[in-house]
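Structure file input.pdb (PDB, C-alpha atoms, pLDDT in the B column) follows.
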ATOM      1  CA  MET L 429      24.168 -17.475 -36.738  1.00 39.00           C
ATOM      2  CA  MET L 430      22.297 -18.655 -33.640  1.00 41.00           C
ATOM      3  CA  SER L 431      23.070 -22.058 -32.179  1.00 43.00           C
ATOM      4  CA  GLY L 432      20.375 -24.621 -31.462  1.00 41.00           C
ATOM      5  CA  LYS L 433      21.060 -24.443 -27.715  1.00 42.00           C
ATOM      6  CA  GLN L 434      18.287 -22.691 -25.702  1.00 43.00           C
ATOM      7  CA  TYR L 435      19.341 -19.722 -23.541  1.00 42.00           C
ATOM      8  CA  ASN L 436      18.574 -20.223 -19.833  1.00 48.00           C
ATOM      9  CA  GLY L 437      19.687 -16.895 -18.402  1.00 52.00           C
ATOM     10  CA  GLN L 438      18.255 -14.823 -15.547  1.00 62.00           C
ATOM     11  CA  GLU L 439      14.777 -13.336 -15.952  1.00 74.00           C
ATOM     12  CA  VAL L 440      12.984 -10.500 -14.179  1.00 78.00           C
ATOM     13  CA  SER L 441      10.077 -11.804 -12.098  1.00 82.00           C
ATOM     14  CA  CYS L 442       6.893 -10.595 -13.816  1.00 87.00           C
ATOM     15  CA  CYS L 443       4.916 -11.371 -10.658  1.00 89.00           C
ATOM     16  CA  ILE L 444       7.001  -9.010  -8.489  1.00 89.00           C
ATOM     17  CA  LYS L 445       7.269  -6.424 -11.252  1.00 91.00           C
ATOM     18  CA  TYR L 446       3.547  -6.068 -11.886  1.00 91.00           C
ATOM     19  CA  PHE L 447       2.600  -6.416  -8.215  1.00 92.00           C
ATOM     20  CA  ILE L 448       4.796  -3.394  -7.394  1.00 92.00           C
ATOM     21  CA  PHE L 449       3.404  -1.579 -10.440  1.00 94.00           C
ATOM     22  CA  GLY L 450      -0.253  -2.288  -9.559  1.00 92.00           C
ATOM     23  CA  PHE L 451       0.146  -1.453  -5.877  1.00 90.00           C
ATOM     24  CA  ASN L 452       1.965   1.817  -6.543  1.00 93.00           C
ATOM     25  CA  ILE L 453      -0.332   3.047  -9.293  1.00 93.00           C
ATOM     26  CA  ILE L 454      -3.116   3.033  -6.674  1.00 92.00           C
ATOM     27  CA  PHE L 455      -0.866   5.057  -4.348  1.00 90.00           C
ATOM     28  CA  TRP L 456      -0.008   7.402  -7.200  1.00 94.00           C
ATOM     29  CA  LEU L 457      -3.668   8.065  -8.042  1.00 95.00           C
ATOM     30  CA  LEU L 458      -4.565   8.547  -4.373  1.00 94.00           C
ATOM     31  CA  GLY L 459      -1.687  11.010  -4.051  1.00 94.00           C
ATOM     32  CA  VAL L 460      -2.977  12.958  -7.050  1.00 96.00           C
ATOM     33  CA  ALA L 461      -6.477  12.987  -5.492  1.00 96.00           C
ATOM     34  CA  PHE L 462      -5.172  14.246  -2.117  1.00 95.00           C
ATOM     35  CA  LEU L 463      -3.093  16.967  -3.787  1.00 95.00           C
ATOM     36  CA  GLY L 464      -6.085  17.950  -5.915  1.00 95.00           C
ATOM     37  CA  ILE L 465      -8.331  18.269  -2.838  1.00 94.00           C
ATOM     38  CA  GLY L 466      -5.675  20.319  -1.045  1.00 92.00           C
ATOM     39  CA  LEU L 467      -5.150  22.674  -3.966  1.00 92.00           C
ATOM     40  CA  TRP L 468      -8.915  23.053  -4.423  1.00 92.00           C
ATOM     41  CA  ALA L 469      -9.328  23.919  -0.718  1.00 89.00           C
ATOM     42  CA  TRP L 470      -6.555  26.512  -0.908  1.00 88.00           C
ATOM     43  CA  SER L 471      -8.086  27.906  -4.088  1.00 86.00           C
ATOM     44  CA  GLU L 472     -11.468  28.295  -2.351  1.00 84.00           C
ATOM     45  CA  LYS L 473      -9.796  30.147   0.527  1.00 81.00           C
ATOM     46  CA  GLY L 474      -7.818  32.391  -1.838  1.00 78.00           C
ATOM     47  CA  VAL L 475      -4.468  31.030  -0.726  1.00 76.00           C
ATOM     48  CA  LEU L 476      -3.265  30.289  -4.268  1.00 75.00           C
ATOM     49  CA  SER L 477      -3.833  33.914  -5.301  1.00 73.00           C
ATOM     50  CA  ASN L 478      -1.875  35.115  -2.257  1.00 73.00           C
ATOM     51  CA  ILE L 479       0.819  32.560  -1.384  1.00 70.00           C
ATOM     52  CA  SER L 480       2.079  34.612   1.567  1.00 67.00           C
ATOM     53  CA  SER L 481      -1.236  33.934   3.354  1.00 65.00           C
ATOM     54  CA  ILE L 482      -0.131  30.311   3.926  1.00 67.00           C
ATOM     55  CA  THR L 483       1.892  31.504   6.921  1.00 64.00           C
ATOM     56  CA  ASP L 484      -0.667  34.084   8.096  1.00 62.00           C
ATOM     57  CA  LEU L 485      -2.911  31.592   9.915  1.00 62.00           C
ATOM     58  CA  GLY L 486      -2.070  31.512  13.612  1.00 66.00           C
ATOM     59  CA  GLY L 487      -3.170  27.889  13.996  1.00 75.00           C
ATOM     60  CA  PHE L 488      -2.885  24.705  12.004  1.00 84.00           C
ATOM     61  CA  ASP L 489      -4.344  24.586   8.491  1.00 86.00           C
ATOM     62  CA  PRO L 490      -5.824  21.055   7.969  1.00 89.00           C
ATOM     63  CA  VAL L 491      -5.178  21.408   4.226  1.00 90.00           C
ATOM     64  CA  TRP L 492      -1.505  20.761   4.998  1.00 91.00           C
ATOM     65  CA  LEU L 493      -2.473  17.175   5.894  1.00 92.00           C
ATOM     66  CA  PHE L 494      -3.785  16.614   2.369  1.00 93.00           C
ATOM     67  CA  MET L 495      -0.768  18.315   0.784  1.00 94.00           C
ATOM     68  CA  VAL L 496       1.903  16.476   2.789  1.00 94.00           C
ATOM     69  CA  VAL L 497       0.228  13.042   2.693  1.00 94.00           C
ATOM     70  CA  GLY L 498      -0.664  13.514  -0.972  1.00 95.00           C
ATOM     71  CA  GLY L 499       2.882  14.616  -1.827  1.00 95.00           C
ATOM     72  CA  VAL L 500       4.458  11.610  -0.102  1.00 94.00           C
ATOM     73  CA  MET L 501       1.988   9.197  -1.737  1.00 94.00           C
ATOM     74  CA  PHE L 502       2.541  10.805  -5.132  1.00 95.00           C
ATOM     75  CA  ILE L 503       6.352  10.505  -4.909  1.00 95.00           C
ATOM     76  CA  LEU L 504       6.237   6.916  -3.633  1.00 94.00           C
ATOM     77  CA  GLY L 505       3.615   5.912  -6.189  1.00 94.00           C
ATOM     78  CA  PHE L 506       5.435   7.546  -9.090  1.00 94.00           C
ATOM     79  CA  THR L 507       8.878   6.099  -8.349  1.00 95.00           C
ATOM     80  CA  GLY L 508       7.521   2.626  -7.536  1.00 93.00           C
ATOM     81  CA  CYS L 509       5.128   2.500 -10.495  1.00 93.00           C
ATOM     82  CA  ILE L 510       7.460   3.853 -13.188  1.00 94.00           C
ATOM     83  CA  GLY L 511      10.506   2.166 -11.686  1.00 93.00           C
ATOM     84  CA  ALA L 512       8.842  -1.257 -11.848  1.00 93.00           C
ATOM     85  CA  LEU L 513       7.253  -0.748 -15.267  1.00 90.00           C
ATOM     86  CA  ARG L 514      10.439   0.552 -16.916  1.00 91.00           C
ATOM     87  CA  GLU L 515      12.755  -1.644 -14.839  1.00 90.00           C
ATOM     88  CA  ASN L 516      14.572   1.503 -13.764  1.00 94.00           C
ATOM     89  CA  THR L 517      16.851   0.583 -10.850  1.00 93.00           C
ATOM     90  CA  LEU L 518      17.520   4.252  -9.958  1.00 95.00           C
ATOM     91  CA  LEU L 519      13.819   4.931  -9.349  1.00 95.00           C
ATOM     92  CA  LEU L 520      13.394   1.624  -7.516  1.00 95.00           C
ATOM     93  CA  LYS L 521      16.357   2.393  -5.248  1.00 95.00           C
ATOM     94  CA  PHE L 522      14.909   5.844  -4.539  1.00 96.00           C
ATOM     95  CA  PHE L 523      11.568   4.153  -3.759  1.00 95.00           C
ATOM     96  CA  SER L 524      13.250   1.734  -1.322  1.00 94.00           C
ATOM     97  CA  VAL L 525      15.327   4.412   0.411  1.00 95.00           C
ATOM     98  CA  PHE L 526      12.399   6.845   0.685  1.00 95.00           C
ATOM     99  CA  LEU L 527      10.149   4.107   2.115  1.00 93.00           C
ATOM    100  CA  GLY L 528      12.928   3.107   4.506  1.00 94.00           C
ATOM    101  CA  ILE L 529      13.322   6.715   5.719  1.00 95.00           C
ATOM    102  CA  ILE L 530       9.565   6.953   6.372  1.00 94.00           C
ATOM    103  CA  PHE L 531       9.679   3.663   8.313  1.00 93.00           C
ATOM    104  CA  PHE L 532      12.659   4.895  10.363  1.00 94.00           C
ATOM    105  CA  LEU L 533      10.930   8.212  11.143  1.00 93.00           C
ATOM    106  CA  GLU L 534       7.749   6.402  12.227  1.00 90.00           C
ATOM    107  CA  LEU L 535       9.758   4.054  14.460  1.00 91.00           C
ATOM    108  CA  THR L 536      11.704   6.957  15.969  1.00 92.00           C
ATOM    109  CA  ALA L 537       8.520   8.974  16.581  1.00 89.00           C
ATOM    110  CA  GLY L 538       6.886   5.977  18.286  1.00 86.00           C
ATOM    111  CA  ILE L 539       9.862   5.426  20.604  1.00 89.00           C
ATOM    112  CA  LEU L 540      10.162   9.130  21.467  1.00 89.00           C
ATOM    113  CA  ALA L 541       6.408   9.380  22.126  1.00 85.00           C
ATOM    114  CA  PHE L 542       6.668   6.452  24.565  1.00 84.00           C
ATOM    115  CA  VAL L 543       9.799   7.735  26.341  1.00 89.00           C
ATOM    116  CA  PHE L 544       8.817  11.418  26.519  1.00 90.00           C
ATOM    117  CA  LYS L 545       5.091  11.073  27.253  1.00 86.00           C
ATOM    118  CA  ASP L 546       4.908  14.147  29.484  1.00 87.00           C
ATOM    119  CA  TRP L 547       6.687  16.306  26.904  1.00 89.00           C
ATOM    120  CA  ILE L 548       4.299  15.048  24.203  1.00 87.00           C
ATOM    121  CA  LYS L 549       1.358  15.914  26.440  1.00 86.00           C
ATOM    122  CA  ASP L 550       2.708  19.447  26.960  1.00 88.00           C
ATOM    123  CA  GLN L 551       3.213  19.882  23.212  1.00 89.00           C
ATOM    124  CA  LEU L 552      -0.302  18.613  22.514  1.00 88.00           C
ATOM    125  CA  ASN L 553      -1.679  21.072  25.070  1.00 88.00           C
ATOM    126  CA  PHE L 554       0.279  23.917  23.428  1.00 90.00           C
ATOM    127  CA  PHE L 555      -0.880  22.826  19.958  1.00 90.00           C
ATOM    128  CA  ILE L 556      -4.579  22.704  20.934  1.00 90.00           C
ATOM    129  CA  ASN L 557      -4.482  26.036  22.780  1.00 90.00           C
ATOM    130  CA  ASN L 558      -2.707  27.676  19.857  1.00 91.00           C
ATOM    131  CA  ASN L 559      -5.477  26.470  17.561  1.00 92.00           C
ATOM    132  CA  ILE L 560      -8.153  27.602  20.017  1.00 93.00           C
ATOM    133  CA  ARG L 561      -6.816  31.138  19.566  1.00 92.00           C
ATOM    134  CA  ALA L 562      -7.187  30.778  15.764  1.00 90.00           C
ATOM    135  CA  TYR L 563     -10.595  29.031  15.904  1.00 93.00           C
ATOM    136  CA  ARG L 564     -12.464  31.684  13.891  1.00 89.00           C
ATOM    137  CA  ASP L 565      -9.581  32.412  11.508  1.00 87.00           C
ATOM    138  CA  ASP L 566     -10.025  29.394   9.240  1.00 86.00           C
ATOM    139  CA  ILE L 567     -13.198  27.412   8.470  1.00 88.00           C
ATOM    140  CA  ASP L 568     -11.286  24.143   7.973  1.00 89.00           C
ATOM    141  CA  LEU L 569      -9.577  24.497  11.342  1.00 91.00           C
ATOM    142  CA  GLN L 570     -12.909  25.356  12.944  1.00 93.00           C
ATOM    143  CA  ASN L 571     -14.527  22.223  11.492  1.00 93.00           C
ATOM    144  CA  LEU L 572     -11.601  20.081  12.659  1.00 93.00           C
ATOM    145  CA  ILE L 573     -11.821  21.398  16.232  1.00 95.00           C
ATOM    146  CA  ASP L 574     -15.607  20.966  16.295  1.00 95.00           C
ATOM    147  CA  PHE L 575     -15.324  17.388  15.015  1.00 95.00           C
ATOM    148  CA  THR L 576     -12.658  16.573  17.634  1.00 94.00           C
ATOM    149  CA  GLN L 577     -14.677  18.024  20.523  1.00 94.00           C
ATOM    150  CA  GLU L 578     -17.869  16.273  19.425  1.00 93.00           C
ATOM    151  CA  TYR L 579     -16.192  12.912  18.791  1.00 92.00           C
ATOM    152  CA  TRP L 580     -14.294  12.781  22.085  1.00 92.00           C
ATOM    153  CA  GLU L 581     -16.963  14.737  24.028  1.00 91.00           C
ATOM    154  CA  CYS L 582     -14.404  17.226  25.279  1.00 93.00           C
ATOM    155  CA  CYS L 583     -13.906  20.974  25.462  1.00 94.00           C
ATOM    156  CA  GLY L 584     -10.576  22.765  25.178  1.00 92.00           C
ATOM    157  CA  ALA L 585      -7.194  21.195  25.891  1.00 92.00           C
ATOM    158  CA  PHE L 586      -7.795  20.475  29.589  1.00 92.00           C
ATOM    159  CA  GLY L 587     -11.214  22.049  30.124  1.00 91.00           C
ATOM    160  CA  ALA L 588     -13.795  24.589  28.963  1.00 91.00           C
ATOM    161  CA  ASP L 589     -11.833  27.441  30.587  1.00 92.00           C
ATOM    162  CA  ASP L 590      -9.230  27.119  27.822  1.00 94.00           C
ATOM    163  CA  TRP L 591     -11.642  28.934  25.504  1.00 94.00           C
ATOM    164  CA  ASN L 592     -10.835  32.130  27.407  1.00 93.00           C
ATOM    165  CA  LEU L 593      -7.773  32.202  25.150  1.00 93.00           C
ATOM    166  CA  ASN L 594      -9.981  32.981  22.155  1.00 93.00           C
ATOM    167  CA  VAL L 595     -10.792  36.662  21.535  1.00 92.00           C
ATOM    168  CA  TYR L 596     -14.450  35.869  20.804  1.00 93.00           C
ATOM    169  CA  PHE L 597     -15.117  33.669  23.847  1.00 93.00           C
ATOM    170  CA  ASN L 598     -12.972  35.182  26.611  1.00 91.00           C
ATOM    171  CA  CYS L 599     -14.641  36.711  29.651  1.00 89.00           C
ATOM    172  CA  THR L 600     -12.787  40.016  29.832  1.00 87.00           C
ATOM    173  CA  ASP L 601     -14.868  43.151  30.390  1.00 86.00           C
ATOM    174  CA  SER L 602     -13.515  44.710  27.196  1.00 88.00           C
ATOM    175  CA  ASN L 603     -14.738  41.843  24.994  1.00 88.00           C
ATOM    176  CA  PRO L 604     -17.658  43.128  22.834  1.00 89.00           C
ATOM    177  CA  SER L 605     -18.409  39.721  21.273  1.00 88.00           C
ATOM    178  CA  ARG L 606     -21.867  38.169  21.616  1.00 89.00           C
ATOM    179  CA  GLU L 607     -20.058  34.880  22.330  1.00 89.00           C
ATOM    180  CA  LYS L 608     -18.351  36.359  25.408  1.00 91.00           C
ATOM    181  CA  CYS L 609     -17.910  33.825  28.247  1.00 89.00           C
ATOM    182  CA  GLY L 610     -19.225  31.087  25.994  1.00 90.00           C
ATOM    183  CA  VAL L 611     -17.852  28.052  24.203  1.00 92.00           C
ATOM    184  CA  PRO L 612     -18.361  26.631  20.685  1.00 94.00           C
ATOM    185  CA  PHE L 613     -21.486  24.539  20.091  1.00 92.00           C
ATOM    186  CA  SER L 614     -19.288  21.439  19.803  1.00 93.00           C
ATOM    187  CA  CYS L 615     -18.588  21.704  23.550  1.00 94.00           C
ATOM    188  CA  CYS L 616     -22.276  21.298  24.336  1.00 90.00           C
ATOM    189  CA  THR L 617     -23.960  18.022  25.261  1.00 85.00           C
ATOM    190  CA  LYS L 618     -26.954  16.723  23.319  1.00 73.00           C
ATOM    191  CA  ASP L 619     -29.476  17.590  26.051  1.00 62.00           C
ATOM    192  CA  PRO L 620     -28.859  21.024  27.650  1.00 48.00           C
ATOM    193  CA  ALA L 621     -32.068  20.958  29.684  1.00 52.00           C
ATOM    194  CA  VAL L 622     -30.459  21.539  33.082  1.00 50.00           C
ATOM    195  CA  THR L 623     -28.620  24.359  34.782  1.00 50.00           C
ATOM    196  CA  GLU L 624     -25.351  22.863  35.998  1.00 55.00           C
ATOM    197  CA  GLN L 625     -22.347  23.308  33.725  1.00 51.00           C
ATOM    198  CA  ALA L 626     -21.294  19.652  33.874  1.00 54.00           C
ATOM    199  CA  ALA L 627     -24.695  18.666  32.517  1.00 64.00           C
ATOM    200  CA  TYR L 628     -24.775  20.808  29.370  1.00 80.00           C
ATOM    201  CA  ILE L 629     -21.087  21.385  28.580  1.00 87.00           C
ATOM    202  CA  HIS L 630     -18.353  18.789  28.227  1.00 89.00           C
ATOM    203  CA  VAL L 631     -16.030  19.763  31.071  1.00 86.00           C
ATOM    204  CA  LYS L 632     -13.327  17.220  30.292  1.00 91.00           C
ATOM    205  CA  GLY L 633     -10.411  18.393  28.173  1.00 92.00           C
ATOM    206  CA  CYS L 634      -9.458  16.859  24.828  1.00 92.00           C
ATOM    207  CA  VAL L 635      -5.941  15.864  25.975  1.00 91.00           C
ATOM    208  CA  PRO L 636      -7.145  13.540  28.788  1.00 92.00           C
ATOM    209  CA  GLN L 637      -9.986  12.285  26.574  1.00 93.00           C
ATOM    210  CA  PHE L 638      -7.468  11.455  23.841  1.00 91.00           C
ATOM    211  CA  GLU L 639      -5.334   9.593  26.405  1.00 91.00           C
ATOM    212  CA  LYS L 640      -8.408   7.658  27.548  1.00 93.00           C
ATOM    213  CA  TRP L 641      -9.348   6.790  23.955  1.00 93.00           C
ATOM    214  CA  LEU L 642      -5.780   5.684  23.224  1.00 89.00           C
ATOM    215  CA  LYS L 643      -5.726   3.335  26.235  1.00 90.00           C
ATOM    216  CA  GLU L 644      -9.105   1.861  25.329  1.00 92.00           C
ATOM    217  CA  ASN L 645      -8.077   1.298  21.694  1.00 93.00           C
ATOM    218  CA  LEU L 646      -4.400   0.511  22.232  1.00 89.00           C
ATOM    219  CA  THR L 647      -4.662  -2.931  20.625  1.00 92.00           C
ATOM    220  CA  VAL L 648      -6.305  -1.536  17.477  1.00 94.00           C
ATOM    221  CA  VAL L 649      -3.847   1.367  17.195  1.00 89.00           C
ATOM    222  CA  ALA L 650      -0.853  -0.937  17.746  1.00 89.00           C
ATOM    223  CA  GLY L 651      -2.252  -3.381  15.178  1.00 93.00           C
ATOM    224  CA  ILE L 652      -2.591  -0.611  12.588  1.00 92.00           C
ATOM    225  CA  PHE L 653       0.953   0.621  13.163  1.00 90.00           C
ATOM    226  CA  ILE L 654       2.377  -2.910  13.013  1.00 91.00           C
ATOM    227  CA  GLY L 655       0.371  -3.593   9.832  1.00 93.00           C
ATOM    228  CA  VAL L 656       1.656  -0.409   8.178  1.00 91.00           C
ATOM    229  CA  ALA L 657       5.238  -1.208   9.262  1.00 91.00           C
ATOM    230  CA  LEU L 658       5.030  -4.759   7.866  1.00 92.00           C
ATOM    231  CA  LEU L 659       3.581  -3.416   4.619  1.00 91.00           C
ATOM    232  CA  GLN L 660       6.495  -0.979   4.318  1.00 92.00           C
ATOM    233  CA  ILE L 661       9.064  -3.705   5.020  1.00 93.00           C
ATOM    234  CA  PHE L 662       7.317  -5.948   2.479  1.00 93.00           C
ATOM    235  CA  GLY L 663       7.455  -3.159  -0.111  1.00 92.00           C
ATOM    236  CA  ILE L 664      11.160  -2.550   0.505  1.00 93.00           C
ATOM    237  CA  CYS L 665      11.929  -6.289   0.196  1.00 93.00           C
ATOM    238  CA  LEU L 666       9.964  -6.595  -3.051  1.00 92.00           C
ATOM    239  CA  ALA L 667      11.717  -3.576  -4.534  1.00 93.00           C
ATOM    240  CA  GLN L 668      15.120  -4.946  -3.528  1.00 93.00           C
ATOM    241  CA  ASN L 669      14.289  -8.339  -5.077  1.00 92.00           C
ATOM    242  CA  LEU L 670      13.230  -6.644  -8.308  1.00 92.00           C
ATOM    243  CA  ILE L 671      16.413  -4.553  -8.347  1.00 92.00           C
ATOM    244  CA  SER L 672      18.496  -7.715  -7.859  1.00 90.00           C
ATOM    245  CA  ASP L 673      16.654  -9.459 -10.714  1.00 88.00           C
ATOM    246  CA  ILE L 674      17.140  -6.513 -13.075  1.00 89.00           C
ATOM    247  CA  GLU L 675      20.846  -6.197 -12.252  1.00 88.00           C
ATOM    248  CA  ALA L 676      21.335  -9.943 -12.617  1.00 85.00           C
ATOM    249  CA  VAL L 677      19.675  -9.926 -16.050  1.00 84.00           C
ATOM    250  CA  ARG L 678      21.820  -7.008 -17.199  1.00 82.00           C
ATOM    251  CA  ALA L 679      24.966  -8.680 -15.868  1.00 79.00           C
ATOM    252  CA  SER L 680      24.138 -11.946 -17.666  1.00 76.00           C
ATOM    253  CA  CYS L 681      23.556 -10.034 -20.924  1.00 73.00           C
ATOM    254  CA  LEU L 682      27.022  -8.528 -20.684  1.00 68.00           C
ATOM    255  CA  PHE L 683      28.658 -11.949 -20.551  1.00 65.00           C
ATOM    256  CA  THR L 684      26.675 -13.635 -23.324  1.00 60.00           C
TER     257      THR L 684
END

Please re-express this file's structure in structure tokens.
Amino acid sequence: MMSGKQYNGQEVSCCIKYFIFGFNIIFWLLGVAFLGIGLWAWSEKGVLSNISSITDLGGFDPVWLFMVVGGVMFILGFTGCIGALRENTLLLKFFSVFLGIIFFLELTAGILAFVFKDWIKDQLNFFINNNIRAYRDDIDLQNLIDFTQEYWECCGAFGADDWNLNVYFNCTDSNPSREKCGVPFSCCTKDPAVTEQAAYIHVKGCVPQFEKWLKENLTVVAGIFIGVALLQIFGICLAQNLISDIEAVRASCLFT
């Protein structure tokens, strides 16, 4: 028989619980959308019917961006959403640890990029030149390179001569391509009505142009990174508070 005394035990914060749930369900749906786009792109290119072709591309396949980002968002969204809704401390702890690992990796990458700037520049040069070689091998990669060169008004990693690395554009005598000694259209300026190269082709490389853009937009870039970091810390703190509430409620139930 129940006594007339009202029970004043611990309670799980509904505000924190449903905030985590609502925030992560958006992440979950976005992750599903990114994965769907990535799988659709691979299906269009015939990758899904021949899985071994994933490693055949000499350069970088932009679809990997959708797959990796979508996968991370899906995992975070799922564990945070279901963990909060079902008050599952195991999923919430996984959510906190996974988010903490991502934060640590971002922090480490930022510090290493600042300390080893020259090494990063060399790796970026290698990455761009490697993708120049594979320019015609993948339409998504081609579109990404064209967008980059048009946006930053650049050509190649450090100059237009880098396109000699591509079998279609190099200037060797044995090259039968109609594009021999040329560059992609994205290297061209908007008004090619003169004869000097500097006037109708972007002669600056994409690496120095990226450095210039980064210096000019350093405040915005830093603000975005700080905002993302604070959001991650906020998410970890909320999850930890919810875990503490759930464990406190369960502990109080054991002793009543």

**Message:** Would you pick out the contacts of Phe613 (chain L) at 10 Å or less, using only C-alpha atoms, so that residues sharing its chain but fewer than 6 positions from it are not included, and give the list as a ChimeraX atom specification?
**Reply:** /L:574,577-578,583,629

Show me, as a short mmCIF file (atom, residue, chain, number, x, y, z; two decimals) with C-alpha atoms, in the frame of the given file, the residues that have an atom within 9 Å of region 649-665 of chain L when counting only C-alpha atoms, minus same-chain residues fewer than 2 positions from it.
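What follows is the written file selection_21.cif:
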data_model
loop_
_atom_site.label_atom_id
_atom_site.label_comp_id
_atom_site.auth_asym_id
_atom_site.auth_seq_id
_atom_site.Cartn_x
_atom_site.Cartn_y
_atom_site.Cartn_z
CA ILE L 448 4.80 -3.39 -7.39
CA PHE L 523 11.57 4.15 -3.76
CA SER L 524 13.25 1.73 -1.32
CA VAL L 525 15.33 4.41 0.41
CA LEU L 527 10.15 4.11 2.12
CA GLY L 528 12.93 3.11 4.51
CA ILE L 530 9.56 6.95 6.37
CA PHE L 531 9.68 3.66 8.31
CA GLU L 534 7.75 6.40 12.23
CA LEU L 535 9.76 4.05 14.46
CA LEU L 642 -5.78 5.68 23.22
CA ASN L 645 -8.08 1.30 21.69
CA LEU L 646 -4.40 0.51 22.23
CA THR L 647 -4.66 -2.93 20.62
CA ALA L 667 11.72 -3.58 -4.53
CA GLN L 668 15.12 -4.95 -3.53
CA ASN L 669 14.29 -8.34 -5.08
CA LEU L 670 13.23 -6.64 -8.31
#

For region 650-665 of chain L, what centre and edge lengths in Å (one decimal) does the axis-aligned box get once 5 Å is added on each side of all its listed atoms, as JSON?
{"center_x": 4.7, "center_y": -2.8, "center_z": 8.8, "size_x": 24.5, "size_y": 16.9, "size_z": 27.9}

**Request:** Can you work out the spacing between CA of Val497 (chain L) and CA of Leu457 (chain L) in Å, to one decimal?
**Result:** 12.5 Å

**Prompt:** Any idea what the distance is between CA of Trp456 (chain L) and CA of Ala512 (chain L)?
**Reply:**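 According to the coordinates, CA of Trp456 (chain L) and CA of Ala512 (chain L) are separated by 13.2 Å.
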
Run the PyMOL selection byres ((chain L and resi 491) around 10) against the file shown and list the residues it catches, as a PDB file with C-alpha atoms, in the frame of the given file.
ATOM      1  CA  PHE L 462      -5.172  14.246  -2.117  1.00 95.00           C
ATOM      2  CA  LEU L 463      -3.093  16.967  -3.787  1.00 95.00           C
ATOM      3  CA  ILE L 465      -8.331  18.269  -2.838  1.00 94.00           C
ATOM      4  CA  GLY L 466      -5.675  20.319  -1.045  1.00 92.00           C
ATOM      5  CA  LEU L 467      -5.150  22.674  -3.966  1.00 92.00           C
ATOM      6  CA  TRP L 468      -8.915  23.053  -4.423  1.00 92.00           C
ATOM      7  CA  ALA L 469      -9.328  23.919  -0.718  1.00 89.00           C
ATOM      8  CA  TRP L 470      -6.555  26.512  -0.908  1.00 88.00           C
ATOM      9  CA  PHE L 488      -2.885  24.705  12.004  1.00 84.00           C
ATOM     10  CA  ASP L 489      -4.344  24.586   8.491  1.00 86.00           C
ATOM     11  CA  PRO L 490      -5.824  21.055   7.969  1.00 89.00           C
ATOM     12  CA  TRP L 492      -1.505  20.761   4.998  1.00 91.00           C
ATOM     13  CA  LEU L 493      -2.473  17.175   5.894  1.00 92.00           C
ATOM     14  CA  PHE L 494      -3.785  16.614   2.369  1.00 93.00           C
ATOM     15  CA  MET L 495      -0.768  18.315   0.784  1.00 94.00           C
ATOM     16  CA  VAL L 496       1.903  16.476   2.789  1.00 94.00           C
ATOM     17  CA  ASP L 568     -11.286  24.143   7.973  1.00 89.00           C
ATOM     18  CA  LEU L 569      -9.577  24.497  11.342  1.00 91.00           C
TER      19      LEU L 569
END

**Request:** Please write as a PyMOL selection string the full residue list that the PyMOL selection byres ((chain L and resi 506) around 10) yields on this file.
**Result:** chain L and resi 449+452-457+459+500-505+507-512+519+523

**Asked** From the set L:Cys616, L:Val631, L:Ala676, L:Ile573, which residue has the shortest atom-to-atom contact distance to Asp589 (chain L), counting all atoms listed in the file?
**Response** L:Val631

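A straight line drawn from CA of Ala585 (chain L) to CA of Phe638 (chain L) is 10.0 Å long.
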
**Message:** When you look at Asp550 (chain L) with a cut-off of 12 Å (counting all atoms listed in the file), what residues show up, excluding the ones that are within fewer than 3 positions of it in the same chain? I need them as JSON, numbers by chain.
**Reply:** {"L": [541, 544, 545, 546, 547, 553, 554, 555, 556, 557, 585, 586, 635, 636]}

**Asked** What residues come out when you apply the PyMOL selection byres ((chain L and resi 565) around 12) to this file, written as an MDAnalysis selection string?
**Response** chainID L and resid 473 481 484:489 558:564 566:571 594:596
